[in-house]
Amino acid sequence: CLKTFDELCHVVPGGRRCVAALSGDTVPPLAALGAEVEIVGLQGTRREPVAGIRSKDGAHPLTLGPSDIVVAIHIPGSPERRLAAYEKWAPRKSVDFPQVSVAIVCDRDSADRISHLEIVVGALGPRPKSIRKLDQFMGDPITDSLAEAVSAQVVKQVQHLPNVLGEPTYRQRVLGVLVKRRLASWG
């Protein structure tokens, strides 16, 4: 948290709840892959989606109970024609917390057309954000114009929080560029 011992929140000035950005590099890719965590607690063993154990409260980012322990991460098997990537942007090498992060998973059929597309964005708030309305791209080949359209869909759904380390509008543009470049490289 950037405010540490102060009362002034630099992310959401005047906010009543902590919304410290998710700075971890593993949650967006695991969420995009459909991973689940196995949790053991007093009520027994259960499995939940990786993103499901993240709360909206940055001061208490996990929904785990006091006796819960994560004992395993289960990642579903990958189809043969899967492409997956994690992209992040951090302005300084000395502090590598992402100011923008995105995980992209794209399954293709035998004709190289999209059969499944999952995009999860991190570094926006305490939880990763799954991008919706990607089913409109199913059955399409990966082209530069598709990369542009998917990028626009991602940027439209994402609102970056104000942050002392990066202007929200710039971070949104960087996100769009990361998505567009990665998808175009797969075309």
# chains A, B, ... in the order shown; residues from 1 in each chain; ligands from 1
>>> select_by_dssp(residues="region 14-60 of chain A", states="helix (DSSP H, G or I)", output="MDAnalysis selection string")
chainID A and resid 27:32 50:53
>>> residues_around(residues="region 174-176 of chain A", least_positions_apart="4", cutoff="12 Å", atoms="only C-alpha atoms", output="ChimeraX atom specification")
/A:86-91,98-104,119-124,147-160,166-170,180-183
>>> closest_residue(among="A:Leu83, A:Ile114, A:Val71, A:Leu161", to="Ala20 (chain A)", atoms="only C-alpha atoms")
A:Leu161
>>> atom_distance(atom1="CA of Gly125 (chain A)", atom2="CA of Leu22 (chain A)")
5.7 Å
>>> closest_residue(among="A:Ala84, A:Leu42, A:Val179, A:Val50", to="Gly65 (chain A)", atoms="only C-alpha atoms")
A:Leu42
